[in-house]
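Everything below belongs to input_14.txt, which stores compact mmCIF, C-alpha atoms.
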# COMPACT_ATOMS: atom_id res chain seq x y z
CA MET A 233 86.38 67.59 83.12
CA SER A 234 88.90 65.13 81.74
CA PRO A 235 90.38 62.48 84.07
CA ASP A 236 93.64 64.42 84.35
CA GLN A 237 91.79 67.57 85.29
CA ARG A 238 89.79 65.66 87.87
CA ARG A 239 92.98 64.24 89.37
CA GLU A 240 94.59 67.67 89.61
CA PHE A 241 91.39 69.11 91.07
CA ALA A 242 91.20 66.34 93.69
CA LEU A 243 94.89 66.61 94.60
CA GLY A 244 94.65 70.39 94.96
CA TRP A 245 91.65 70.17 97.22
CA LEU A 246 93.21 67.30 99.18
CA ASN A 247 96.26 69.42 99.90
CA TRP A 248 94.18 72.42 100.91
CA LEU A 249 91.86 70.36 103.04
CA GLY A 250 94.63 68.36 104.73
CA ALA A 251 97.68 70.51 105.22
CA GLU A 252 96.05 73.90 105.45
CA SER A 253 92.47 73.61 106.70
CA LEU A 254 92.91 70.70 109.09
CA GLY A 255 96.03 72.36 110.48
CA VAL A 256 94.08 75.47 111.39
CA LEU A 257 91.20 73.42 112.74
CA VAL A 258 93.48 71.33 114.96
CA ALA A 259 95.27 74.47 116.15
CA ILE A 260 91.98 76.03 117.23
CA LEU A 261 90.85 72.79 118.92
CA ASN A 262 94.17 72.55 120.75
CA LEU A 263 93.75 76.14 121.84
CA ILE A 264 90.37 75.30 123.33
CA TRP A 265 91.93 72.27 125.04
CA VAL A 266 94.66 74.29 126.77
CA PRO A 267 92.68 75.59 129.81
CA ILE A 268 91.25 72.12 130.41
CA VAL A 269 94.73 70.61 130.51
CA ALA A 270 96.28 73.44 132.48
CA PHE A 271 93.68 74.21 135.12
CA ALA A 272 91.10 71.42 135.31
CA ASP A 273 93.59 68.63 136.06
CA ILE A 274 91.25 66.15 134.53
CA ALA A 275 92.91 65.48 131.22
CA ILE A 276 96.30 64.67 129.87
CA PRO A 277 96.74 65.49 126.21
CA ASP A 278 96.32 62.38 124.16
CA LYS A 279 98.75 61.33 121.45
CA ILE A 280 96.11 62.05 118.85
CA LEU A 281 96.47 65.77 119.58
CA THR A 282 100.23 65.82 119.32
CA LEU A 283 101.59 63.02 117.13
CA PRO A 284 99.81 63.98 113.86
CA ILE A 285 101.06 67.56 114.19
CA ILE A 286 104.65 66.51 114.83
CA ALA A 287 104.56 63.90 112.09
CA SER A 288 103.05 66.25 109.51
CA PHE A 289 105.56 68.94 110.45
CA VAL A 290 108.51 66.57 110.02
CA VAL A 291 107.17 65.22 106.71
CA SER A 292 106.46 68.73 105.39
CA LEU A 293 109.89 69.94 106.43
CA LEU A 294 111.65 66.99 104.81
CA HIS A 295 109.57 67.34 101.66
CA PHE A 296 110.32 71.04 101.45
CA VAL A 297 114.06 70.65 101.96
CA VAL A 298 114.39 67.74 99.52
CA LEU A 299 112.24 69.46 96.89
CA TYR A 300 114.19 72.70 97.07
CA ARG A 301 117.57 70.99 97.10
CA LEU A 302 116.62 68.98 94.01
CA ARG A 303 114.61 71.44 91.97
CA VAL A 304 115.14 75.02 93.22
CA PRO A 305 118.80 76.03 93.44
CA VAL A 306 118.64 78.82 96.01
CA LYS A 307 120.55 79.63 99.15
CA TRP A 308 119.46 78.48 102.61
CA GLY A 309 118.35 81.97 103.58
CA GLN A 310 116.12 82.19 100.52
CA MET A 311 114.77 78.74 101.36
CA LEU A 312 113.89 79.98 104.82
CA GLY A 313 112.13 82.98 103.34
CA ALA A 314 110.18 80.75 100.95
CA MET A 315 109.21 78.54 103.87
CA ILE A 316 107.92 81.50 105.86
CA ALA A 317 106.01 82.80 102.86
CA ALA A 318 104.48 79.37 102.23
CA MET A 319 103.46 78.97 105.87
CA SER A 320 101.99 82.45 106.05
CA VAL A 321 99.10 81.66 103.70
CA GLN A 322 97.73 78.83 105.83
CA TRP A 323 94.98 80.90 107.42
CA THR A 324 94.06 82.52 104.09
CA VAL A 325 93.83 79.16 102.33
CA SER A 326 91.80 77.59 105.11
CA ARG A 327 89.41 80.53 105.12
CA ALA A 328 89.06 80.28 101.35
CA VAL A 329 88.37 76.54 101.62
CA ALA A 330 85.74 77.18 104.26
CA ASN A 331 84.17 79.88 102.10
CA GLY A 332 84.27 77.55 99.11
CA LEU A 333 82.60 74.76 101.03
CA ILE A 334 79.93 77.08 102.39
CA THR A 335 79.20 78.82 99.09
CA SER A 336 79.08 75.50 97.23
CA ILE A 337 76.24 74.49 99.53
CA SER A 338 74.44 77.80 99.43
CA PRO A 339 72.89 79.03 96.15
CA SER A 340 75.49 80.87 94.13
CA ARG A 341 75.00 84.34 92.77
CA ALA A 342 76.56 85.46 89.52
CA PRO A 343 78.70 88.58 89.81
CA PRO A 344 77.21 91.64 88.16
CA ARG A 345 78.38 92.24 84.61
CA ALA A 346 80.11 95.43 83.68
CA ASP A 347 78.31 97.65 81.24
CA PHE A 348 80.67 98.57 78.42
CA ARG A 349 78.18 100.51 76.31
CA MET B 222 90.66 106.80 111.13
CA SER B 223 91.02 103.06 111.60
CA VAL B 224 94.25 101.28 110.84
CA GLU B 225 93.58 97.86 109.36
CA PHE B 226 96.18 95.16 109.90
CA GLN B 227 95.90 92.45 107.29
CA ALA B 228 97.03 89.62 109.57
CA PHE B 229 94.99 90.59 112.61
CA TRP B 230 93.34 87.21 113.24
CA GLU B 231 96.57 85.36 112.50
CA ALA B 232 98.22 87.51 115.16
CA VAL B 233 95.45 86.78 117.64
CA ILE B 234 95.61 83.00 117.14
CA GLY B 235 99.41 82.92 117.05
CA ILE B 236 99.75 84.88 120.27
CA LEU B 237 97.07 82.79 121.96
CA LEU B 238 98.92 79.61 120.98
CA LEU B 239 102.18 80.95 122.39
CA VAL B 240 100.48 82.12 125.58
CA GLY B 241 98.80 78.71 125.89
CA ALA B 242 102.14 76.97 125.57
CA ALA B 243 103.65 79.22 128.23
CA VAL B 244 100.72 78.61 130.58
CA LEU B 245 101.06 74.86 130.11
CA VAL B 246 104.76 74.91 130.89
CA VAL B 247 104.26 77.10 133.97
CA THR B 248 101.39 75.06 135.39
CA ASN B 249 103.19 71.81 134.68
CA ASN B 250 106.13 72.66 136.93
CA GLN B 251 104.71 70.75 139.87
CA LYS B 252 103.16 67.87 137.96
CA GLU B 253 106.06 67.26 135.55
CA VAL B 254 103.92 65.40 133.02
CA ARG B 255 105.91 64.72 129.87
CA GLU B 256 102.85 64.71 127.60
CA ILE B 257 102.00 68.23 128.64
CA TYR B 258 105.45 69.41 127.63
CA VAL B 259 104.98 67.71 124.26
CA PHE B 260 101.59 69.36 123.97
CA ALA B 261 103.15 72.76 124.69
CA ALA B 262 105.80 72.14 122.04
CA VAL B 263 103.06 71.25 119.56
CA LEU B 264 101.30 74.52 120.35
CA VAL B 265 104.50 76.42 119.59
CA LEU B 266 104.80 74.43 116.36
CA GLU B 267 101.24 75.28 115.41
CA SER B 268 101.80 78.96 116.03
CA LEU B 269 104.57 79.16 113.39
CA PRO B 270 102.27 79.60 110.34
CA PHE B 271 100.29 82.30 112.10
CA LEU B 272 103.41 84.14 113.21
CA SER B 273 104.79 83.83 109.68
CA ALA B 274 101.68 85.56 108.37
CA VAL B 275 102.17 88.34 110.91
CA ALA B 276 105.82 88.70 109.92
CA ILE B 277 104.93 88.90 106.23
CA ALA B 278 102.20 91.48 106.90
CA ILE B 279 104.59 93.63 108.94
CA LEU B 280 107.21 93.36 106.21
CA GLU B 281 104.70 94.34 103.54
CA ASN B 282 103.59 97.40 105.49
CA SER B 283 107.09 98.56 106.33
CA ARG B 284 109.13 100.86 104.13
CA VAL B 285 111.70 98.05 103.74
CA ASN B 286 109.26 96.66 101.16
CA ALA B 287 109.43 99.83 99.04
CA PHE B 288 111.76 100.13 96.05
CA SER B 289 112.23 103.83 96.70
CA PHE B 290 113.62 103.09 100.16
CA TRP B 291 116.33 100.78 98.79
CA ARG B 292 117.12 103.11 95.89
CA HIS B 293 117.47 106.04 98.27
CA ALA B 294 119.50 103.91 100.69
CA GLY B 295 121.85 102.87 97.88
CA VAL B 296 122.33 106.45 96.73
CA ARG B 297 122.87 107.64 100.29
CA THR B 298 125.40 104.87 100.95
CA LEU B 299 127.34 105.79 97.83
CA GLU B 300 127.34 109.41 98.93
CA LEU B 301 128.55 108.53 102.41
CA ILE B 302 131.46 106.39 101.22
CA GLY B 303 132.44 109.02 98.66
CA LEU B 304 131.70 107.12 95.45
CA ARG B 305 129.04 109.65 94.44
CA PRO B 306 128.93 113.42 94.90
CA VAL B 307 126.45 114.64 97.43
CA ALA B 308 123.36 115.99 95.66
CA MET B 309 122.60 119.50 96.81
CA PRO B 310 119.03 120.71 96.72
CA THR B 311 118.45 122.98 93.73
CA VAL B 312 116.87 126.35 94.30
CA VAL B 313 114.19 127.29 91.79
CA SER B 314 114.59 130.87 90.66
CA SER B 315 111.64 133.17 91.06
CA SER B 316 111.83 134.20 87.39
CA GLN B 317 110.50 130.83 86.20
CA PRO B 318 106.80 130.92 85.33
CA VAL B 319 104.36 128.93 87.42
CA ALA B 320 101.76 126.67 85.85
CA SER B 321 98.93 129.16 86.08
CA GLU B 322 100.92 131.77 84.16
CA ILE B 323 101.76 129.28 81.42
CA HIS B 324 98.11 128.34 80.97
CA ARG B 325 97.11 131.98 80.84
CA GLU B 326 99.80 132.71 78.25
CA ALA B 327 98.74 129.75 76.13
CA SER B 328 95.09 130.76 76.25
CA ASP B 329 96.04 134.26 75.13
CA ARG B 330 97.74 132.78 72.12
CA GLY B 331 94.83 130.90 70.67
CA GLY B 332 92.83 128.86 73.11
CA PHE B 333 94.99 125.77 73.55
CA GLY B 334 98.35 124.83 75.02
CA LEU B 335 100.40 124.23 71.87
CA VAL B 336 102.79 126.93 70.84
CA ARG B 337 102.62 128.19 67.33
CA ALA B 338 105.26 127.45 64.71
CA GLY B 339 108.38 129.46 65.29
CA GLU B 340 107.43 130.59 68.80
CA GLU B 341 109.03 129.39 72.00
CA SER B 342 107.55 128.64 75.38
CA PRO B 343 109.79 128.83 78.48
CA LEU B 344 109.17 125.15 79.18
CA THR B 345 109.68 123.65 75.72
CA GLY B 346 113.36 124.52 75.48
CA GLY B 347 113.51 124.69 71.70
CA ALA B 348 111.08 121.89 71.02
CA GLY B 349 108.34 124.34 70.15
CA ARG B 350 109.74 124.74 66.68
CA GLN B 351 109.08 121.08 66.01
CA ILE B 352 105.42 121.28 66.95
CA ARG B 353 103.10 122.26 64.16
CA ALA B 354 100.27 124.47 65.21
CA VAL B 355 96.82 123.08 64.48
CA SER B 356 93.87 125.39 64.35
CA THR B 357 90.75 124.82 66.39
CA ALA B 358 88.67 124.53 63.23
CA HIS B 359 90.93 121.73 61.96
CA LEU B 360 90.60 119.88 65.26
CA ARG B 361 86.82 120.10 65.01
CA LEU B 362 86.97 118.66 61.50
CA CYS B 363 89.14 115.77 62.70
CA ARG B 364 86.72 114.99 65.49
CA TYR B 365 83.83 114.49 63.08

Represent the structure contained in this file as structure tokens.
Amino acid sequence: MSPDQRREFALGWLNWLGAESLGVLVAILNLIWVPIVAFADIAIPDKILTLPIIASFVVSLLHFVVLYRLRVPVKWGQMLGAMIAAMSVQWTVSRAVANGLITSISPSRAPPRADFR
Amino acid sequence: MSVEFQAFWEAVIGILLLVGAAVLVVTNNQKEVREIYVFAAVLVLESLPFLSAVAIAILENSRVNAFSFWRHAGVRTLELIGLRPVAMPTVVSSSQPVASEIHREASDRGGFGLVRAGEESPLTGGAGRQIRAVSTAHLRLCRY
């Protein structure tokens, strides 16, 4: 790959790993943490569980609004729809990343070729 | 028959996050710990992508996502406000031939569905004169 291709490849994976996959992972970890906080009375949620989520949400929201206002001239309702559509693929992307990481470790199998004779 | 919902696991996680947030708020009524309220808010925030996936899946499965629904709704709206005459259902007369009769008639004429030059089929409506009849022997020659 050329250096530009490598940069695009790295940035794409960084986005998928950070915004999508880590988001799902932290959500599941927080879900596991809920009964301990609610019923065990032994833990108070640390800032590390809450601040990164709030900060990433605010940054993502600002980035989305600024990007759409500057580059995509649509109405606010259409912006909201685009935001919902973009958020809805988080689980799919994170699952694909997990599959990609797992299958890159395991030996790959070539898909069967179609017989056009 | 099993009905598969595309966003099943998103729905499970999203609902669990919302339920977790509600449980945290309810159990924190006596303690009044501010961090727990923040944690509950974060759980609600984290549930948004999962609930978005559920909303998109419901929208995709609904008839609102179908072009035919909106076309029919537009036509029906125009009919209701009087901008378009109401379409009455047409009654098919019993004298029209059914498909099986047409096939039988065509096979009687020479083994294939094309009408011969100068003849008319009830379905062609005058176009039969434009179609040149091709014999079976000629078709066999073209194939080889």

Inset, instruction - Kindly determine which residues of chain B lie within 8 Å of chain A, considering all atoms listed in the file, and give the answer as a VMD selection string. - result: chain B and resid 231 234 237 to 238 241 244 to 245 248 to 249 256 to 257 259 to 260 263 to 264 267 to 275 277

Inset, instruction - Check the smallest atom-to-atom distance from each of B:Ala308, B:Ile279, B:Ile302, B:Phe288 to Phe229 (chain B) using only C-alpha atoms, then report the winner. - result: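 So, comparing all the options, the nearest one is B:Ile279.
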
Inset, instruction - Could you tell me how far CA of Ala328 (chain A) lies from CA of Trp245 (chain A), in Å and to one decimal? - result: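 Pair CA of Ala328 (chain A) / CA of Trp245 (chain A) returns 11.2 Å.
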
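Taking CA of Leu239 (chain B) as the reference point, CA of Lys252 (chain B) is found at 20.4 Å.
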
Legend entry - Gap from CA of Val298 (chain A) to CA of Leu266 (chain B) - Å, one decimal: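 That distance, rounded to one decimal, is 20.5 Å.
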